[in-house]
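So this one's input-v1.json, JSON, C-alpha atoms:
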```
[["chain", "number", "residue", "atom", "x", "y", "z"],
["A", 210, "MET", "CA", 177.04, -27.83, -33.37],
["A", 211, "ASN", "CA", 176.00, -30.64, -35.69],
["A", 212, "VAL", "CA", 173.03, -30.30, -38.03],
["A", 213, "THR", "CA", 171.80, -33.09, -40.28],
["A", 214, "ILE", "CA", 170.72, -31.97, -43.76],
["A", 215, "ASN", "CA", 169.17, -34.57, -46.06],
["A", 216, "GLY", "CA", 170.84, -37.35, -44.12],
["A", 217, "GLU", "CA", 174.34, -35.81, -44.01],
["A", 218, "THR", "CA", 175.87, -34.24, -40.91],
["A", 219, "HIS", "CA", 177.19, -30.69, -41.23],
["A", 220, "GLN", "CA", 179.19, -28.85, -38.57],
["A", 221, "ILE", "CA", 178.05, -25.26, -38.07],
["A", 222, "ASN", "CA", 180.10, -22.97, -35.86],
["A", 223, "GLU", "CA", 178.07, -19.75, -35.87],
["A", 224, "PRO", "CA", 174.43, -18.66, -35.68],
["A", 225, "THR", "CA", 172.92, -19.72, -39.00],
["A", 226, "SER", "CA", 169.38, -19.46, -40.30],
["A", 227, "VAL", "CA", 167.70, -21.92, -42.60],
["A", 228, "ALA", "CA", 167.78, -19.19, -45.26],
["A", 229, "ASP", "CA", 171.58, -18.97, -44.84],
["A", 230, "ILE", "CA", 171.85, -22.73, -45.33],
["A", 231, "LEU", "CA", 169.77, -22.56, -48.50],
["A", 232, "VAL", "CA", 172.08, -19.87, -49.88],
["A", 233, "LYS", "CA", 175.14, -22.02, -49.16],
["A", 234, "LEU", "CA", 173.47, -24.98, -50.89],
["A", 235, "ASP", "CA", 172.59, -22.84, -53.93],
["A", 236, "LEU", "CA", 168.88, -23.40, -53.23],
["A", 237, "SER", "CA", 167.84, -19.82, -52.45],
["A", 238, "GLY", "CA", 164.82, -18.72, -54.45],
["A", 239, "LYS", "CA", 164.07, -22.21, -55.73],
["A", 240, "ARG", "CA", 160.77, -24.03, -55.26],
["A", 241, "ILE", "CA", 161.49, -26.28, -52.29],
["A", 242, "ALA", "CA", 159.92, -27.42, -49.03],
["A", 243, "VAL", "CA", 161.73, -27.77, -45.71],
["A", 244, "GLU", "CA", 160.97, -30.17, -42.89],
["A", 245, "LEU", "CA", 162.52, -29.35, -39.51],
["A", 246, "ASN", "CA", 162.66, -32.21, -37.02],
["A", 247, "LYS", "CA", 159.75, -33.90, -38.84],
["A", 248, "GLU", "CA", 157.62, -30.74, -38.80],
["A", 249, "ILE", "CA", 157.04, -28.50, -41.84],
["A", 250, "LEU", "CA", 158.91, -25.19, -41.54],
["A", 251, "PRO", "CA", 156.86, -22.41, -43.22],
["A", 252, "TYR", "CA", 158.64, -20.40, -45.90],
["A", 253, "ASP", "CA", 158.25, -17.16, -43.94],
["A", 254, "GLN", "CA", 160.30, -18.65, -41.07],
["A", 255, "PHE", "CA", 163.35, -19.60, -43.16],
["A", 256, "ALA", "CA", 165.14, -16.33, -42.34],
["A", 257, "SER", "CA", 164.19, -16.13, -38.67],
["A", 258, "TYR", "CA", 164.80, -19.71, -37.52],
["A", 259, "LEU", "CA", 168.37, -20.27, -36.32],
["A", 260, "VAL", "CA", 169.33, -23.92, -36.47],
["A", 261, "GLN", "CA", 170.18, -25.68, -33.20],
["A", 262, "ASP", "CA", 172.51, -28.52, -32.35],
["A", 263, "GLN", "CA", 171.12, -31.89, -33.52],
["A", 264, "ASP", "CA", 168.45, -30.29, -35.73],
["A", 265, "ARG", "CA", 167.44, -32.43, -38.71],
["A", 266, "LEU", "CA", 166.46, -30.74, -41.96],
["A", 267, "GLU", "CA", 164.91, -32.42, -44.98],
["A", 268, "ILE", "CA", 164.90, -30.26, -48.12],
["A", 269, "VAL", "CA", 162.82, -31.56, -51.01],
["A", 270, "HIS", "CA", 161.80, -30.55, -54.51],
["A", 271, "ALA", "CA", 159.67, -32.08, -57.23],
["A", 272, "ILE", "CA", 161.15, -34.23, -59.99],
["A", 273, "GLY", "CA", 159.71, -36.19, -62.87],
["A", 274, "GLY", "CA", 158.94, -39.86, -62.48],
["A", 275, "GLY", "CA", 161.69, -42.42, -62.89],
["A", 276, "GLN", "CA", 165.38, -42.18, -62.06],
["A", 277, "GLU", "CA", 167.45, -39.04, -62.33],
["A", 278, "ASP", "CA", 170.01, -38.95, -65.12],
["A", 279, "GLY", "CA", 173.07, -39.57, -63.02],
["A", 280, "PHE", "CA", 176.32, -41.42, -63.59],
["A", 281, "THR", "CA", 178.30, -43.68, -61.29],
["A", 282, "ILE", "CA", 181.97, -43.62, -60.33],
["A", 283, "ALA", "CA", 183.42, -46.19, -57.94],
["A", 284, "GLY", "CA", 179.95, -47.24, -56.82],
["A", 285, "LYS", "CA", 178.63, -43.74, -56.04],
["A", 286, "THR", "CA", 176.06, -42.01, -58.23],
["A", 287, "TYR", "CA", 176.31, -38.29, -59.02],
["A", 288, "THR", "CA", 173.65, -36.08, -60.57],
["A", 289, "SER", "CA", 175.98, -33.25, -61.60],
["A", 290, "ARG", "CA", 178.15, -34.07, -64.59],
["A", 291, "LEU", "CA", 180.37, -31.03, -64.07],
["A", 292, "LEU", "CA", 183.53, -31.57, -62.01],
["A", 293, "VAL", "CA", 185.59, -28.54, -61.03],
["A", 294, "GLY", "CA", 189.02, -27.66, -59.72],
["A", 295, "THR", "CA", 190.03, -25.23, -57.01],
["A", 296, "GLY", "CA", 193.10, -23.46, -58.41],
["A", 297, "LYS", "CA", 193.64, -19.95, -59.83],
["A", 298, "TYR", "CA", 190.82, -18.16, -57.98],
["A", 299, "LYS", "CA", 191.63, -14.80, -56.36],
["A", 300, "ASP", "CA", 190.64, -16.01, -52.89],
["A", 301, "LEU", "CA", 188.79, -18.75, -51.03],
["A", 302, "GLU", "CA", 185.51, -16.86, -51.04],
["A", 303, "GLU", "CA", 185.50, -16.66, -54.85],
["A", 304, "THR", "CA", 186.38, -20.35, -54.88],
["A", 305, "ARG", "CA", 183.40, -21.16, -52.67],
["A", 306, "LEU", "CA", 180.94, -19.07, -54.67],
["A", 307, "ALA", "CA", 182.09, -20.37, -58.05],
["A", 308, "ILE", "CA", 181.91, -24.00, -56.97],
["A", 309, "ALA", "CA", 178.44, -23.46, -55.53],
["A", 310, "ALA", "CA", 177.29, -21.81, -58.77],
["A", 311, "SER", "CA", 178.67, -24.72, -60.81],
["A", 312, "GLY", "CA", 176.49, -27.25, -59.02],
["A", 313, "ALA", "CA", 179.45, -29.64, -58.96],
["A", 314, "GLU", "CA", 179.49, -32.57, -56.55],
["A", 315, "ILE", "CA", 183.10, -33.64, -57.22],
["A", 316, "VAL", "CA", 185.86, -31.11, -56.57],
["A", 317, "THR", "CA", 189.56, -31.64, -57.26],
["A", 318, "VAL", "CA", 192.32, -30.50, -54.93],
["A", 319, "ALA", "CA", 196.10, -30.55, -55.25],
["A", 320, "ILE", "CA", 198.30, -31.99, -52.52],
["A", 321, "ARG", "CA", 201.15, -29.69, -51.48],
["A", 322, "ARG", "CA", 203.52, -29.27, -48.55],
["A", 323, "THR", "CA", 202.00, -27.40, -45.66],
["A", 324, "ASN", "CA", 203.28, -23.90, -45.01],
["A", 325, "ILE", "CA", 205.18, -24.31, -41.73],
["A", 326, "GLY", "CA", 204.54, -21.40, -39.40],
["A", 327, "GLN", "CA", 201.41, -20.12, -41.13],
["A", 328, "ASN", "CA", 198.73, -18.35, -39.10],
["A", 329, "PRO", "CA", 196.71, -21.07, -37.32],
["A", 330, "ASN", "CA", 193.55, -19.03, -37.94],
["A", 331, "GLU", "CA", 194.15, -18.86, -41.70],
["A", 332, "ALA", "CA", 191.31, -20.41, -43.67],
["A", 333, "ASN", "CA", 191.83, -23.88, -45.10],
["A", 334, "LEU", "CA", 190.53, -25.00, -48.49],
["A", 335, "LEU", "CA", 188.69, -27.93, -46.92],
["A", 336, "ASP", "CA", 186.82, -25.46, -44.70],
["A", 337, "VAL", "CA", 185.42, -23.92, -47.88],
["A", 338, "ILE", "CA", 184.68, -27.15, -49.75],
["A", 339, "SER", "CA", 183.60, -29.41, -46.93],
["A", 340, "PRO", "CA", 183.95, -33.18, -47.49],
["A", 341, "ASP", "CA", 180.49, -33.40, -45.90],
["A", 342, "ARG", "CA", 179.05, -31.72, -48.98],
["A", 343, "TYR", "CA", 181.47, -32.56, -51.80],
["A", 344, "THR", "CA", 183.38, -35.60, -52.95],
["A", 345, "ILE", "CA", 186.97, -34.43, -52.67],
["A", 346, "LEU", "CA", 189.10, -35.67, -55.56],
["A", 347, "PRO", "CA", 192.82, -35.31, -54.76],
["A", 348, "ASN", "CA", 194.91, -35.09, -57.91],
["A", 349, "THR", "CA", 198.57, -35.61, -58.74],
["A", 350, "ALA", "CA", 198.98, -32.31, -60.59],
["A", 351, "GLY", "CA", 202.65, -31.40, -60.97],
["A", 352, "CYS", "CA", 203.89, -35.00, -60.93],
["A", 353, "TYR", "CA", 206.27, -36.03, -63.72],
["A", 354, "THR", "CA", 207.00, -39.62, -62.67],
["A", 355, "ALA", "CA", 204.90, -42.59, -61.68],
["A", 356, "GLU", "CA", 206.77, -42.74, -58.36],
["A", 357, "ASP", "CA", 205.85, -39.17, -57.43],
["A", 358, "ALA", "CA", 202.22, -39.70, -58.45],
["A", 359, "VAL", "CA", 201.89, -42.82, -56.31],
["A", 360, "ARG", "CA", 203.50, -41.07, -53.31],
["A", 361, "THR", "CA", 201.09, -38.17, -53.70],
["A", 362, "CYS", "CA", 198.05, -40.45, -53.79],
["A", 363, "ARG", "CA", 199.19, -42.29, -50.67],
["A", 364, "LEU", "CA", 199.67, -38.99, -48.83],
["A", 365, "ALA", "CA", 196.20, -37.89, -49.97],
["A", 366, "ARG", "CA", 194.68, -41.11, -48.65],
["A", 367, "GLU", "CA", 196.26, -40.44, -45.27],
["A", 368, "LEU", "CA", 195.22, -36.78, -45.30],
["A", 369, "LEU", "CA", 191.59, -37.60, -46.07],
["A", 370, "GLY", "CA", 191.23, -40.54, -43.72],
["A", 371, "GLY", "CA", 191.40, -43.50, -46.05],
["A", 372, "HIS", "CA", 189.91, -41.81, -49.10],
["A", 373, "LYS", "CA", 190.42, -44.07, -52.15],
["A", 374, "LEU", "CA", 189.16, -41.97, -55.08],
["A", 375, "VAL", "CA", 191.99, -40.08, -56.80],
["A", 376, "LYS", "CA", 192.68, -38.33, -60.08],
["A", 377, "LEU", "CA", 195.92, -39.54, -61.62],
["A", 378, "GLU", "CA", 197.92, -37.36, -63.97],
["A", 379, "VAL", "CA", 201.58, -37.85, -64.84],
["A", 380, "LEU", "CA", 202.90, -35.04, -67.01],
["A", 381, "ALA", "CA", 205.60, -35.28, -69.66],
["A", 382, "ASP", "CA", 206.99, -31.73, -69.56],
["A", 383, "GLN", "CA", 206.31, -28.26, -68.19],
["A", 384, "ILE", "CA", 205.64, -26.63, -71.57],
["A", 385, "THR", "CA", 202.87, -28.74, -73.09],
["A", 386, "LEU", "CA", 201.61, -30.42, -69.88],
["A", 387, "PHE", "CA", 200.69, -33.37, -72.06],
["A", 388, "PRO", "CA", 200.44, -36.69, -70.21],
["A", 389, "ASP", "CA", 203.37, -39.07, -70.13],
["A", 390, "VAL", "CA", 201.31, -42.08, -71.12],
["A", 391, "ALA", "CA", 204.00, -44.68, -70.41],
["A", 392, "GLU", "CA", 204.46, -43.39, -66.84],
["A", 393, "THR", "CA", 200.69, -43.10, -66.47],
["A", 394, "PHE", "CA", 200.30, -46.81, -67.26],
["A", 395, "ILE", "CA", 202.88, -47.68, -64.58],
["A", 396, "ALA", "CA", 201.28, -45.44, -61.95],
["A", 397, "ALA", "CA", 197.76, -46.66, -62.75],
["A", 398, "GLU", "CA", 198.77, -50.30, -62.31],
["A", 399, "LEU", "CA", 200.47, -49.60, -58.97],
["A", 400, "LEU", "CA", 197.56, -47.56, -57.62],
["A", 401, "VAL", "CA", 194.89, -50.07, -58.68],
["A", 402, "LYS", "CA", 196.87, -52.86, -57.01],
["A", 403, "ASP", "CA", 197.08, -50.68, -53.89],
["A", 404, "GLY", "CA", 193.30, -50.41, -53.67],
["A", 405, "PHE", "CA", 192.77, -46.93, -55.12],
["A", 406, "ASP", "CA", 189.83, -45.97, -57.31],
["A", 407, "VAL", "CA", 191.67, -44.21, -60.12],
["A", 408, "MET", "CA", 190.24, -41.56, -62.43],
["A", 409, "VAL", "CA", 192.99, -41.02, -64.97],
["A", 410, "TYR", "CA", 193.99, -38.09, -67.19],
["A", 411, "THR", "CA", 195.33, -39.13, -70.58],
["A", 412, "ASN", "CA", 195.59, -37.95, -74.16],
["A", 413, "ASP", "CA", 192.77, -38.41, -76.68],
["A", 414, "ASP", "CA", 194.17, -41.71, -77.96],
["A", 415, "PRO", "CA", 191.49, -44.45, -78.04],
["A", 416, "ILE", "CA", 194.12, -47.18, -77.64],
["A", 417, "ALA", "CA", 195.64, -45.62, -74.53],
["A", 418, "ALA", "CA", 192.17, -44.95, -73.09],
["A", 419, "LYS", "CA", 191.14, -48.58, -73.54],
["A", 420, "ARG", "CA", 194.33, -49.87, -71.94],
["A", 421, "LEU", "CA", 193.77, -47.67, -68.88],
["A", 422, "GLU", "CA", 190.26, -49.07, -68.59],
["A", 423, "ASP", "CA", 191.65, -52.60, -68.82],
["A", 424, "ILE", "CA", 194.16, -51.81, -66.07],
["A", 425, "GLY", "CA", 191.19, -51.14, -63.81],
["A", 426, "CYS", "CA", 190.74, -47.36, -63.75],
["A", 427, "VAL", "CA", 187.21, -46.40, -62.70],
["A", 428, "ALA", "CA", 187.05, -43.47, -65.16],
["A", 429, "VAL", "CA", 189.15, -42.34, -68.10],
["A", 430, "MET", "CA", 189.62, -38.62, -68.73],
["A", 431, "PRO", "CA", 190.99, -37.73, -72.18],
["A", 432, "LEU", "CA", 192.08, -34.15, -72.76],
["A", 433, "ALA", "CA", 190.13, -31.86, -75.05],
["A", 434, "ALA", "CA", 193.20, -29.68, -75.60],
["A", 435, "PRO", "CA", 196.31, -28.75, -73.57],
["A", 436, "ILE", "CA", 195.69, -27.92, -69.90],
["A", 437, "GLY", "CA", 194.64, -24.31, -69.44],
["A", 438, "SER", "CA", 194.59, -23.55, -73.18],
["A", 439, "GLY", "CA", 190.85, -22.96, -73.55],
["A", 440, "LEU", "CA", 191.00, -24.28, -77.12],
["A", 441, "GLY", "CA", 188.03, -26.62, -76.78],
["A", 442, "ILE", "CA", 187.79, -30.13, -78.21],
["A", 443, "ARG", "CA", 190.42, -30.45, -80.94],
["A", 444, "ASN", "CA", 189.71, -34.06, -81.95],
["A", 445, "PRO", "CA", 186.00, -34.76, -81.46],
["A", 446, "TYR", "CA", 186.12, -38.01, -83.43],
["A", 447, "ASN", "CA", 188.85, -39.38, -81.16],
["A", 448, "ILE", "CA", 186.70, -38.55, -78.15],
["A", 449, "LEU", "CA", 183.69, -40.16, -79.83],
["A", 450, "THR", "CA", 185.68, -43.34, -80.50],
["A", 451, "ILE", "CA", 186.82, -43.47, -76.87],
["A", 452, "VAL", "CA", 183.21, -43.08, -75.68],
["A", 453, "GLU", "CA", 181.88, -45.74, -78.04],
["A", 454, "ASN", "CA", 184.44, -48.33, -76.92],
["A", 455, "ALA", "CA", 184.32, -47.65, -73.17],
["A", 456, "LYS", "CA", 182.66, -49.56, -70.36],
["A", 457, "VAL", "CA", 183.65, -47.02, -67.71],
["A", 458, "PRO", "CA", 182.72, -43.33, -67.50],
["A", 459, "ILE", "CA", 184.54, -41.04, -69.93],
["A", 460, "LEU", "CA", 185.03, -37.45, -68.83],
["A", 461, "VAL", "CA", 186.71, -34.75, -70.87],
["A", 462, "ASP", "CA", 189.50, -33.17, -68.84],
["A", 463, "ALA", "CA", 191.52, -30.06, -69.76],
["A", 464, "GLY", "CA", 191.28, -27.54, -72.56],
["A", 465, "VAL", "CA", 187.64, -26.45, -72.24],
["A", 466, "GLY", "CA", 187.25, -22.69, -72.67],
["A", 467, "THR", "CA", 183.56, -21.85, -72.62],
["A", 468, "ALA", "CA", 180.10, -23.32, -72.20],
["A", 469, "SER", "CA", 179.76, -24.42, -75.83],
["A", 470, "ASP", "CA", 182.91, -26.58, -75.42],
["A", 471, "ALA", "CA", 181.33, -28.30, -72.44],
["A", 472, "ALA", "CA", 178.08, -28.79, -74.36],
["A", 473, "LEU", "CA", 179.96, -30.37, -77.28],
["A", 474, "ALA", "CA", 181.66, -32.86, -74.95],
["A", 475, "MET", "CA", 178.28, -33.91, -73.62],
["A", 476, "GLU", "CA", 176.76, -34.10, -77.11],
["A", 477, "LEU", "CA", 179.52, -36.59, -78.00],
["A", 478, "GLY", "CA", 178.23, -38.82, -75.21],
["A", 479, "CYS", "CA", 180.81, -38.09, -72.52],
["A", 480, "ASP", "CA", 179.68, -38.76, -68.97],
["A", 481, "GLY", "CA", 181.03, -35.49, -67.67],
["A", 482, "VAL", "CA", 183.60, -32.70, -67.94],
["A", 483, "LEU", "CA", 186.28, -31.61, -65.49],
["A", 484, "MET", "CA", 187.53, -28.03, -65.67],
["A", 485, "ASN", "CA", 189.29, -25.36, -63.65],
["A", 486, "THR", "CA", 190.92, -22.58, -65.69],
["A", 487, "ALA", "CA", 187.88, -22.05, -67.90],
["A", 488, "ILE", "CA", 185.95, -20.92, -64.82],
["A", 489, "ALA", "CA", 188.68, -19.42, -62.63],
["A", 490, "ALA", "CA", 190.28, -17.37, -65.44],
["A", 491, "ALA", "CA", 186.99, -15.91, -66.70],
["A", 492, "LYS", "CA", 186.35, -12.22, -66.08],
["A", 493, "ASN", "CA", 183.41, -13.27, -63.90],
["A", 494, "PRO", "CA", 184.19, -16.76, -62.56],
["A", 495, "ILE", "CA", 180.91, -17.15, -60.71],
["A", 496, "LEU", "CA", 178.83, -16.31, -63.77],
["A", 497, "MET", "CA", 180.99, -18.59, -65.93],
["A", 498, "ALA", "CA", 180.50, -21.43, -63.44],
["A", 499, "SER", "CA", 176.75, -21.01, -63.85],
["A", 500, "ALA", "CA", 177.13, -20.94, -67.65],
["A", 501, "MET", "CA", 179.19, -24.14, -67.59],
["A", 502, "ARG", "CA", 176.53, -25.82, -65.50],
["A", 503, "LYS", "CA", 173.89, -24.93, -68.08],
["A", 504, "GLY", "CA", 176.15, -25.94, -70.96],
["A", 505, "ILE", "CA", 176.64, -29.39, -69.43],
["A", 506, "GLU", "CA", 172.90, -29.80, -68.92],
["A", 507, "ALA", "CA", 172.03, -28.62, -72.46],
["A", 508, "GLY", "CA", 174.63, -30.85, -74.07],
["A", 509, "ARG", "CA", 173.44, -33.89, -72.12],
["A", 510, "GLU", "CA", 169.81, -33.25, -73.09],
["A", 511, "ALA", "CA", 170.80, -32.86, -76.73],
["A", 512, "PHE", "CA", 172.68, -36.17, -76.60],
["A", 513, "LEU", "CA", 169.70, -37.95, -75.08],
["A", 514, "ALA", "CA", 167.32, -36.33, -77.57],
["A", 515, "GLY", "CA", 169.34, -37.47, -80.59],
["A", 516, "ARG", "CA", 170.21, -34.75, -83.08],
["A", 517, "MET", "CA", 168.79, -34.64, -86.58],
["A", 518, "PRO", "CA", 171.00, -36.12, -89.30],
["A", 519, "ARG", "CA", 173.22, -33.73, -91.21],
["A", 520, "LYS", "CA", 172.15, -33.16, -94.82],
["A", 521, "ARG", "CA", 174.00, -31.74, -97.77],
["A", 522, "PHE", "CA", 171.00, -29.84, -99.18],
["A", 523, "ALA", "CA", 168.12, -27.85, -97.75],
["A", 524, "SER", "CA", 164.91, -29.48, -96.55],
["A", 525, "ALA", "CA", 161.83, -27.25, -96.25],
["A", 526, "SER", "CA", 160.24, -27.05, -92.79],
["A", 527, "SER", "CA", 156.76, -26.42, -94.22],
["A", 528, "PRO", "CA", 155.03, -28.90, -96.61],
["A", 529, "ILE", "CA", 155.00, -28.06, -100.33],
["A", 530, "ASP", "CA", 151.57, -29.62, -100.93],
["A", 531, "GLY", "CA", 148.72, -27.11, -100.95],
["A", 532, "LEU", "CA", 150.64, -24.07, -102.11],
["A", 533, "PHE", "CA", 148.24, -21.61, -103.79],
["A", 534, "LEU", "CA", 150.92, -19.87, -105.88]]
```
Since I need it in another form, could you write the structure as structure tokens?
Amino acid sequence: MNVTINGETHQINEPTSVADILVKLDLSGKRIAVELNKEILPYDQFASYLVQDQDRLEIVHAIGGGQEDGFTIAGKTYTSRLLVGTGKYKDLEETRLAIAASGAEIVTVAIRRTNIGQNPNEANLLDVISPDRYTILPNTAGCYTAEDAVRTCRLARELLGGHKLVKLEVLADQITLFPDVAETFIAAELLVKDGFDVMVYTNDDPIAAKRLEDIGCVAVMPLAAPIGSGLGIRNPYNILTIVENAKVPILVDAGVGTASDAALAMELGCDGVLMNTAIAAAKNPILMASAMRKGIEAGREAFLAGRMPRKRFASASSPIDGLFL
């Protein structure tokens, strides 16, 4: 059956209560109101009401006046500045729970050959991260040439029904997983000409980042450190220079290890952070996903607030005038 939630159609294949839906949307326990088919649904009926085919739900909460602090990629605005990957989790259920806890709206997926002869009832990743709820960002992970990256993106576009937004990465070798910038330039030019909206992984070189922007990439994603290393931002001033010179969103990609790394990226003025291993390889991935979400939010608020200037010497918090000693 089809149920419309805040204007988007969701397919539901089993008896599901409104309370179940709120859990799946990471809204359980939050101060919200629900309208069911233009009638208010009382809170005490959330658990007992089972949604029906063609039901329409509106779920609302209170926000401050003015616009939300979102950012825009390829014409679409997102409120979550945390982007997450789907690899390295122990199973699809952990994947689902961690992504929900992260609050991410953009989720990356790798494109691989299908397993011929697999059980037809085996769960599919896109059943867990539905394109109805998330923006699916196919990536070219594992590609070492521009040709392979372009082929992968074209297959992804076919797989996802004309989807144009892709994450481009062309790697130089299997040890460092650093980007091959020369091949990345070639692939980016081909994909932009072919109508793709390209978010591109690159090194933390301001010159390379600017050239990729000039090619027409919709977002540039410099690494913080090698993929999967968890070392955090190694060259913050390079990232700062990239941010200051950019006219497209800049998102740190790769190398984040913990929430403070994500916060630092946001304090530098980045538009967002993409990560996978930092969450999936944590002892408690779901809790780490929640921590990363908070780190992103704290770092963004600190950037908007404007930190105090650094000083060489101490400055008393309390006034000296009026001391009675």
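Residues surrounding segment 234-245 of chain A within 8 Å are Ala228, Ile230, Ile249, Leu250, Pro251, Tyr252, Asp264, Arg265, Leu266, Glu267, Ile268, Val269, His270, Ala271, Ala309, Ala310 and Gly312 of chain A [only C-alpha atoms; sequence separation below 4 positions excluded].
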Atom CA of Asp300 of chain A to atom CA of Leu386 of chain A: how many Å, to one decimal?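 Separation between atom CA of Asp300 of chain A and atom CA of Leu386 of chain A: 24.8 Å.
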Which residues, written as a list in words, have at least one atom at most 12 Å from Asp229 of chain A, with only C-alpha atoms counted and residues fewer than 2 positions away on the same chain left out? Ile221, Glu223, Pro224, Thr225, Ser226, Val227, Leu231, Val232, Lys233, Leu234, Asp235, Leu236, Ser237, Gly238, Gln254, Phe255, Ala256, Ser257, Tyr258, Leu259 and Val260 of chain A
Please dump the current selection as an mmCIF file, in the coordinates of the input; keep C-alpha atoms.
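Produced file out-v7.cif, reproduced below:
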```
data_model
loop_
_atom_site.group_PDB
_atom_site.id
_atom_site.type_symbol
_atom_site.label_atom_id
_atom_site.label_comp_id
_atom_site.auth_asym_id
_atom_site.auth_seq_id
_atom_site.Cartn_x
_atom_site.Cartn_y
_atom_site.Cartn_z
ATOM 1 C CA ILE A 221 178.050 -25.260 -38.070
ATOM 2 C CA GLU A 223 178.070 -19.750 -35.870
ATOM 3 C CA PRO A 224 174.430 -18.660 -35.680
ATOM 4 C CA THR A 225 172.920 -19.720 -39.000
ATOM 5 C CA SER A 226 169.380 -19.460 -40.300
ATOM 6 C CA VAL A 227 167.700 -21.920 -42.600
ATOM 7 C CA LEU A 231 169.770 -22.560 -48.500
ATOM 8 C CA VAL A 232 172.080 -19.870 -49.880
ATOM 9 C CA LYS A 233 175.140 -22.020 -49.160
ATOM 10 C CA LEU A 234 173.470 -24.980 -50.890
ATOM 11 C CA ASP A 235 172.590 -22.840 -53.930
ATOM 12 C CA LEU A 236 168.880 -23.400 -53.230
ATOM 13 C CA SER A 237 167.840 -19.820 -52.450
ATOM 14 C CA GLY A 238 164.820 -18.720 -54.450
ATOM 15 C CA GLN A 254 160.300 -18.650 -41.070
ATOM 16 C CA PHE A 255 163.350 -19.600 -43.160
ATOM 17 C CA ALA A 256 165.140 -16.330 -42.340
ATOM 18 C CA SER A 257 164.190 -16.130 -38.670
ATOM 19 C CA TYR A 258 164.800 -19.710 -37.520
ATOM 20 C CA LEU A 259 168.370 -20.270 -36.320
ATOM 21 C CA VAL A 260 169.330 -23.920 -36.470
#
```
Check the smallest atom-to-atom distance from each of A:Thr281, A:Gln383, A:Thr288, A:Asn493 to Lys456 of chain A using all atoms listed in the file, then report the winner.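 Looking only at the distances to Lys456 of chain A, the closest residue turns out to be A:Thr281.
Neighbouring residues of Ala491 of chain A at 12 Å or closer, counting all atoms listed in the file and skipping chain neighbours under 5 positions away, are A:Lys297, A:Tyr298, A:Lys299, A:Glu303, A:Ala307, A:Gly437, A:Gly439, A:Val465, A:Gly466, A:Thr467, A:Ala468, A:Asn485, A:Thr486, A:Leu496, A:Met497, A:Ala498, A:Ser499, A:Ala500, A:Met501.
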As an exercise, work out the distance from atom CA of Asp262 of chain A to atom CA of Val212 of chain A in Å and give it to one decimal place.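 Between atom CA of Asp262 of chain A and atom CA of Val212 of chain A the gap works out to 6.0 Å.
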One decimal, Å: what's the distance from atom CA of Cys352 of chain A over to atom CA of Val379 of chain A, could you say? 5.4 Å
With distances taken over only C-alpha atoms, which residue among A:Asn444, A:Asn454, A:Gln220, A:Asn215 lies nearest Lys247 of chain A?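 Answer, going by the shortest atom-to-atom distance: A:Asn215.
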Which is closer to Tyr353 of chain A than all the others in A:Val409, A:Thr218, A:Asp382, A:Glu302, using all atoms listed in the file?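 Closest candidate: A:Asp382.
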Shell of 10 Å around Ala471 of chain A, all atoms listed in the file, local chain residues under 2 positions omitted, as a count of residues only: 30
Excluding same-chain residues fewer than 5 positions from Ala283 of chain A, what lies within 12 Å of it counting only C-alpha atoms, as a count of residues only? 16
